[in-house]
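*Asks:* Provided herewith is a single structure, encoded as structure tokens, for subsequent inquiry.
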Amino acid sequence: MAGPRHFLQLKDLARDELAYLFDRTRTIKARFKAYQRYWPLQDRTLVMIFEKASTRTRLSFEAGMHQLGGSAIYLNTRDSQLGRGEPVEDAAQVISRMSDIVMIRTFEQEIIERFAGHSRVPVINGLTNEYHPCQILADIFTYIEHRGAIQGRTVAWIGDSNNVCNTWLQAAEIFDFKVHVSTPPGYEVEAERAGIHGNSHFREFADPMDATRDADLVTTDVWTSMGFEAENEERMRDFADWQVDADMMRVARPEAVFMHCLPAHRGEEVSAEVIDGAQSVVWDEAENRLHVQKALMEFLLLGRVND
């Protein structure tokens, strides 16, 4: 018998499976907006394990599972044996015998891979230091909603080459679009982590204005990600010229949209004028985490659904 399907990186699903997820997301979101009850996961249980705190990840997974008819259980490693040194492999054996699907938000990618290797049920990456695949599902779906297919488009990533940036680079290979990355010196994309060897979809730019020029989508993230707080003052200085502002958006295409995975710091990585302006789709982007994750959980538990 085949083991469970996991979603630990974006590339764990094939392009046609991701395209299917976007189609399902559209259907599931429409039902939600029409107040139609849809409970395909009735009596199923999601366990959410958090080593890194989050507002959007917890809310979107917990609300999403309830909206699909199931139940969600929140575990923080401070309050469980995982935080007291229980091996990840042992925890996976036990938790997966008591639930139907697991979401983990943690530090190293290796942790979630070890957990998945000993889990009887699907495991979803809610964020690791290396990747944030659920966020990019939501981002691409949001672009499709607003502007159509992302194939052939150009995404400008401005700022820190973090887990979200790494996942954009995976997405570019899968969906055949370009990513222009501009980071301050010393914060460049790590080739091994991002898998960019031979990636013709990726270009680096020293000047963020050059990266943004003629882009269809401009996106960024906080300058100091969780776990790097000790570097905050240094990063404030290093990233000062990498704020996405109105001047930067003006060199992008007129129909370009702005995205940010949130939380945002106005006046740091993005100006208030941009994030609160007409080109910003950040609130749709945030809501779509809910809908794409519902489609993802349905797919991992039930496979393709025709209804």
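Ordering of the structure tokens sets the chain letters (A, B, ...), residue numbers begin anew at 1 in every chain, and ligands are numbered from 1 in the order given.
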Please list as a list in words every residue within 6 Å of range 95-103 of chain A, counting only C-alpha atoms and excluding residues in the same chain fewer than 3 positions away.
*Replies:*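 Residues near the query, excluding close chain neighbours: Arg44, Thr45, Leu46, Val47, Met48, Ala91, Ala92, Ser119, Arg120, Val121, Pro122, Val123, Ile124 and Gly126 of chain A.
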*Asks:* Pull C-alpha atoms from the residues just selected and write them as a JSON list (two decimals), in the first residue's frame.
*Replies:*
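Generated file (result_18.json):
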[["chain", "number", "residue", "atom", "x", "y", "z"],
["A", 44, "ARG", "CA", -11.45, 14.11, 10.16],
["A", 45, "THR", "CA", -8.93, 15.66, 12.56],
["A", 46, "LEU", "CA", -6.10, 18.05, 11.75],
["A", 47, "VAL", "CA", -3.26, 18.41, 14.25],
["A", 48, "MET", "CA", -1.37, 21.71, 14.02],
["A", 91, "ALA", "CA", 6.08, 12.01, 18.10],
["A", 92, "ALA", "CA", 5.21, 11.35, 14.46],
["A", 119, "SER", "CA", 3.92, 9.59, 9.80],
["A", 120, "ARG", "CA", 1.00, 7.43, 8.73],
["A", 121, "VAL", "CA", -0.94, 10.50, 7.54],
["A", 122, "PRO", "CA", -0.24, 13.45, 5.22],
["A", 123, "VAL", "CA", 2.05, 16.16, 6.58],
["A", 124, "ILE", "CA", 1.88, 19.80, 5.40],
["A", 126, "GLY", "CA", 3.12, 25.43, 7.41]]
*Asks:* Find the spatial neighbours of range 39-42 of chain A, counting only C-alpha atoms, within a cut-off of 9 Å - ignore same-chain residues fewer than 3 positions away - and output them as a PyMOL selection string.
*Replies:* chain A and resi 45+65-71+297-298+301-302
*Asks:* Restricting it to N, CA and C atoms, dump the selection as a PDB file, in the first residue's frame.
*Replies:*
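Saved result, result-v4.pdb, follows:
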ATOM      1  N   THR A  45      -9.608  14.808  11.579  1.00  0.00           N
ATOM      2  CA  THR A  45      -8.926  15.655  12.557  1.00  0.00           C
ATOM      3  C   THR A  45      -7.582  16.123  12.033  1.00  0.00           C
ATOM      4  N   MET A  65     -10.226  23.871   8.368  1.00  0.00           N
ATOM      5  CA  MET A  65     -10.629  22.505   8.710  1.00  0.00           C
ATOM      6  C   MET A  65     -12.056  22.474   9.247  1.00  0.00           C
ATOM      7  N   HIS A  66     -12.416  23.454  10.066  1.00  0.00           N
ATOM      8  CA  HIS A  66     -13.800  23.521  10.569  1.00  0.00           C
ATOM      9  C   HIS A  66     -14.776  23.730   9.411  1.00  0.00           C
ATOM     10  N   GLN A  67     -14.419  24.577   8.454  1.00  0.00           N
ATOM     11  CA  GLN A  67     -15.308  24.849   7.328  1.00  0.00           C
ATOM     12  C   GLN A  67     -15.485  23.634   6.427  1.00  0.00           C
ATOM     13  N   LEU A  68     -14.525  22.710   6.467  1.00  0.00           N
ATOM     14  CA  LEU A  68     -14.646  21.463   5.697  1.00  0.00           C
ATOM     15  C   LEU A  68     -15.309  20.348   6.517  1.00  0.00           C
ATOM     16  N   GLY A  69     -15.781  20.689   7.712  1.00  0.00           N
ATOM     17  CA  GLY A  69     -16.519  19.730   8.524  1.00  0.00           C
ATOM     18  C   GLY A  69     -15.685  18.969   9.525  1.00  0.00           C
ATOM     19  N   GLY A  70     -14.381  19.229   9.568  1.00  0.00           N
ATOM     20  CA  GLY A  70     -13.497  18.502  10.469  1.00  0.00           C
ATOM     21  C   GLY A  70     -13.176  19.270  11.731  1.00  0.00           C
ATOM     22  N   SER A  71     -12.208  18.746  12.484  1.00  0.00           N
ATOM     23  CA  SER A  71     -11.771  19.369  13.726  1.00  0.00           C
ATOM     24  C   SER A  71     -10.281  19.659  13.648  1.00  0.00           C
ATOM     25  N   MET A 297      -5.835  20.283   1.735  1.00  0.00           N
ATOM     26  CA  MET A 297      -6.192  19.226   2.691  1.00  0.00           C
ATOM     27  C   MET A 297      -7.164  18.232   2.059  1.00  0.00           C
ATOM     28  N   GLU A 298      -8.126  18.738   1.310  1.00  0.00           N
ATOM     29  CA  GLU A 298      -9.064  17.853   0.610  1.00  0.00           C
ATOM     30  C   GLU A 298      -8.313  16.922  -0.330  1.00  0.00           C
ATOM     31  N   LEU A 301      -6.175  14.197   1.466  1.00  0.00           N
ATOM     32  CA  LEU A 301      -6.973  13.186   2.154  1.00  0.00           C
ATOM     33  C   LEU A 301      -7.885  12.390   1.220  1.00  0.00           C
ATOM     34  N   LEU A 302      -8.404  13.041   0.180  1.00  0.00           N
ATOM     35  CA  LEU A 302      -9.416  12.397  -0.666  1.00  0.00           C
ATOM     36  C   LEU A 302      -8.982  12.214  -2.108  1.00  0.00           C
TER      37      LEU A 302
END
*Asks:* Determine, for each residue of range 144-238 of chain A having at least one atom at most 7 Å from an atom of range 258-276 of chain A, the closest pair of atoms and their separation in Å to one decimal, counting only C-alpha atoms; order by chain and ascending number, as JSON lines.
*Replies:*
{"residue": "A:Leu217", "atom": "CA", "partner": "A:Phe258", "partner_atom": "CA", "distance": 5.9}
{"residue": "A:Val218", "atom": "CA", "partner": "A:Phe258", "partner_atom": "CA", "distance": 4.9}
{"residue": "A:Thr219", "atom": "CA", "partner": "A:Met259", "partner_atom": "CA", "distance": 4.7}
{"residue": "A:Thr220", "atom": "CA", "partner": "A:His260", "partner_atom": "CA", "distance": 5.6}
{"residue": "A:Asp221", "atom": "CA", "partner": "A:His260", "partner_atom": "CA", "distance": 5.9}
{"residue": "A:Val222", "atom": "CA", "partner": "A:Glu269", "partner_atom": "CA", "distance": 5.9}
{"residue": "A:Trp223", "atom": "CA", "partner": "A:Glu269", "partner_atom": "CA", "distance": 6.3}
*Asks:* Between CA of Cys134 in chain A and CA of Glu234 in chain A, measure the distance and give it in Å to one decimal.
*Replies:* 29.6 Å
*Asks:* Report the residues of range 17-153 of chain A whose backbone DSSP state falls under strand (DSSP E), written as an MDAnalysis selection string.
*Replies:* chainID A and resid 45:50 71:76 101:105 123:127
*Asks:* Could you check the closest approach to Val292 in chain A for each of A:Thr142, A:Gln9, A:Asn163, A:Thr77 and tell me which residue wins, using only C-alpha atoms?
*Replies:*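 The closest residue to Val292 in chain A is A:Thr142.
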*Asks:* Run DSSP on the backbone and give me the residues of range 118-274 of chain A it puts in alpha helix (DSSP H), as a count of residues only.
*Replies:* 53
*Asks:* If you count only C-alpha atoms, which residues fall within 10 Å of Ile150 in chain A, apart from same-chain ones fewer than 6 positions away, as an NGL selection string?
*Replies:* :A and (140-141 or 143-144 or 172 or 175-178 or 216-217)
*Asks:* When distances are computed from only C-alpha atoms, which of A:Ala278, A:Asp12, A:Tyr74, A:Ala138 shows the smallest separation from Ala295 in chain A?
*Replies:* A:Ala138
*Asks:* Find the residues around Ser200 in chain A up to 12 Å (only C-alpha atoms counted), leave out those fewer than 3 positions away in its own chain, and share them as a PDB file with C-alpha atoms, in the first residue's frame.
*Replies:*
ATOM      1  CA  LEU A 169      12.084  30.167  -7.254  1.00  0.00           C
ATOM      2  CA  GLN A 170      10.654  26.634  -7.143  1.00  0.00           C
ATOM      3  CA  ALA A 172       9.036  29.695 -11.373  1.00  0.00           C
ATOM      4  CA  GLU A 173      10.461  26.412 -12.605  1.00  0.00           C
ATOM      5  CA  ILE A 174       7.163  24.591 -12.212  1.00  0.00           C
ATOM      6  CA  ASP A 176       7.444  28.732 -16.308  1.00  0.00           C
ATOM      7  CA  PHE A 177       7.705  32.361 -15.220  1.00  0.00           C
ATOM      8  CA  LYS A 178      10.666  34.540 -14.241  1.00  0.00           C
ATOM      9  CA  VAL A 179      11.755  35.734 -10.806  1.00  0.00           C
ATOM     10  CA  HIS A 180      13.949  38.824 -10.524  1.00  0.00           C
ATOM     11  CA  GLY A 195      17.734  24.911  -6.060  1.00  0.00           C
ATOM     12  CA  ILE A 196      18.778  27.496  -8.637  1.00  0.00           C
ATOM     13  CA  HIS A 197      21.574  25.599 -10.374  1.00  0.00           C
ATOM     14  CA  ARG A 203      17.991  36.464 -12.308  1.00  0.00           C
ATOM     15  CA  GLU A 204      19.728  38.501  -9.607  1.00  0.00           C
TER      16      GLU A 204
END
*Asks:* Using only C-alpha atoms, find the one residue out of A:Ala230, A:Ile73, A:Val88, A:Val181 that sits nearest to Ala206 in chain A.
*Replies:*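 Going through A:Ala230, A:Ile73, A:Val88, A:Val181 one by one, the smallest distance to Ala206 in chain A is for A:Val181.
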*Asks:* Out of A:Ala171, A:Gln243, A:Tyr187, A:Ser161, which residue has the shortest atom-to-atom distance to Ala14 in chain A when counting only C-alpha atoms?
*Replies:* A:Ala171
*Asks:* Please identify all polymer residues within 6 Å of Glu285 in chain A, counting only C-alpha atoms, omitting same-chain residues fewer than 3 positions from it, and present them as a PyMOL selection string.
*Replies:* chain A and resi 139+142+282+288
*Asks:* Just to be explicit: take each residue in the selection above, keep N, CA and C atoms, and write the result as a PDB file, in the first residue's frame.
*Replies:*
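The resulting file, selection.pdb, is shown below:
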ATOM      1  N   ASP A 139      -0.368  32.942  -3.090  1.00  0.00           N
ATOM      2  CA  ASP A 139       0.078  34.063  -3.905  1.00  0.00           C
ATOM      3  C   ASP A 139      -0.231  33.829  -5.384  1.00  0.00           C
ATOM      4  N   THR A 142      -3.891  34.023  -6.073  1.00  0.00           N
ATOM      5  CA  THR A 142      -4.326  35.420  -6.052  1.00  0.00           C
ATOM      6  C   THR A 142      -3.976  36.115  -7.360  1.00  0.00           C
ATOM      7  N   VAL A 282      -2.893  42.529  -1.045  1.00  0.00           N
ATOM      8  CA  VAL A 282      -2.439  41.752   0.118  1.00  0.00           C
ATOM      9  C   VAL A 282      -3.591  41.161   0.932  1.00  0.00           C
ATOM     10  N   ASN A 288      -6.778  34.173   0.806  1.00  0.00           N
ATOM     11  CA  ASN A 288      -6.641  32.987  -0.038  1.00  0.00           C
ATOM     12  C   ASN A 288      -5.800  31.878   0.593  1.00  0.00           C
TER      13      ASN A 288
END
*Asks:* I'd like the neighbourhood of Asp238 in chain A as a list in words, where a residue qualifies if any of its atoms comes within 9 Å (using only C-alpha atoms), though same-chain residues fewer than 4 positions away should be ignored.
*Replies:* Pro184, Pro185, Glu233, Glu234 and Trp242 of chain A
*Asks:* Rounded to one decimal, what separation in Å do you get between CA of Gly85 in chain A and CA of Ser54 in chain A?
*Replies:*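 Computed distance, CA of Gly85 in chain A to CA of Ser54 in chain A, equals 22.5 Å.
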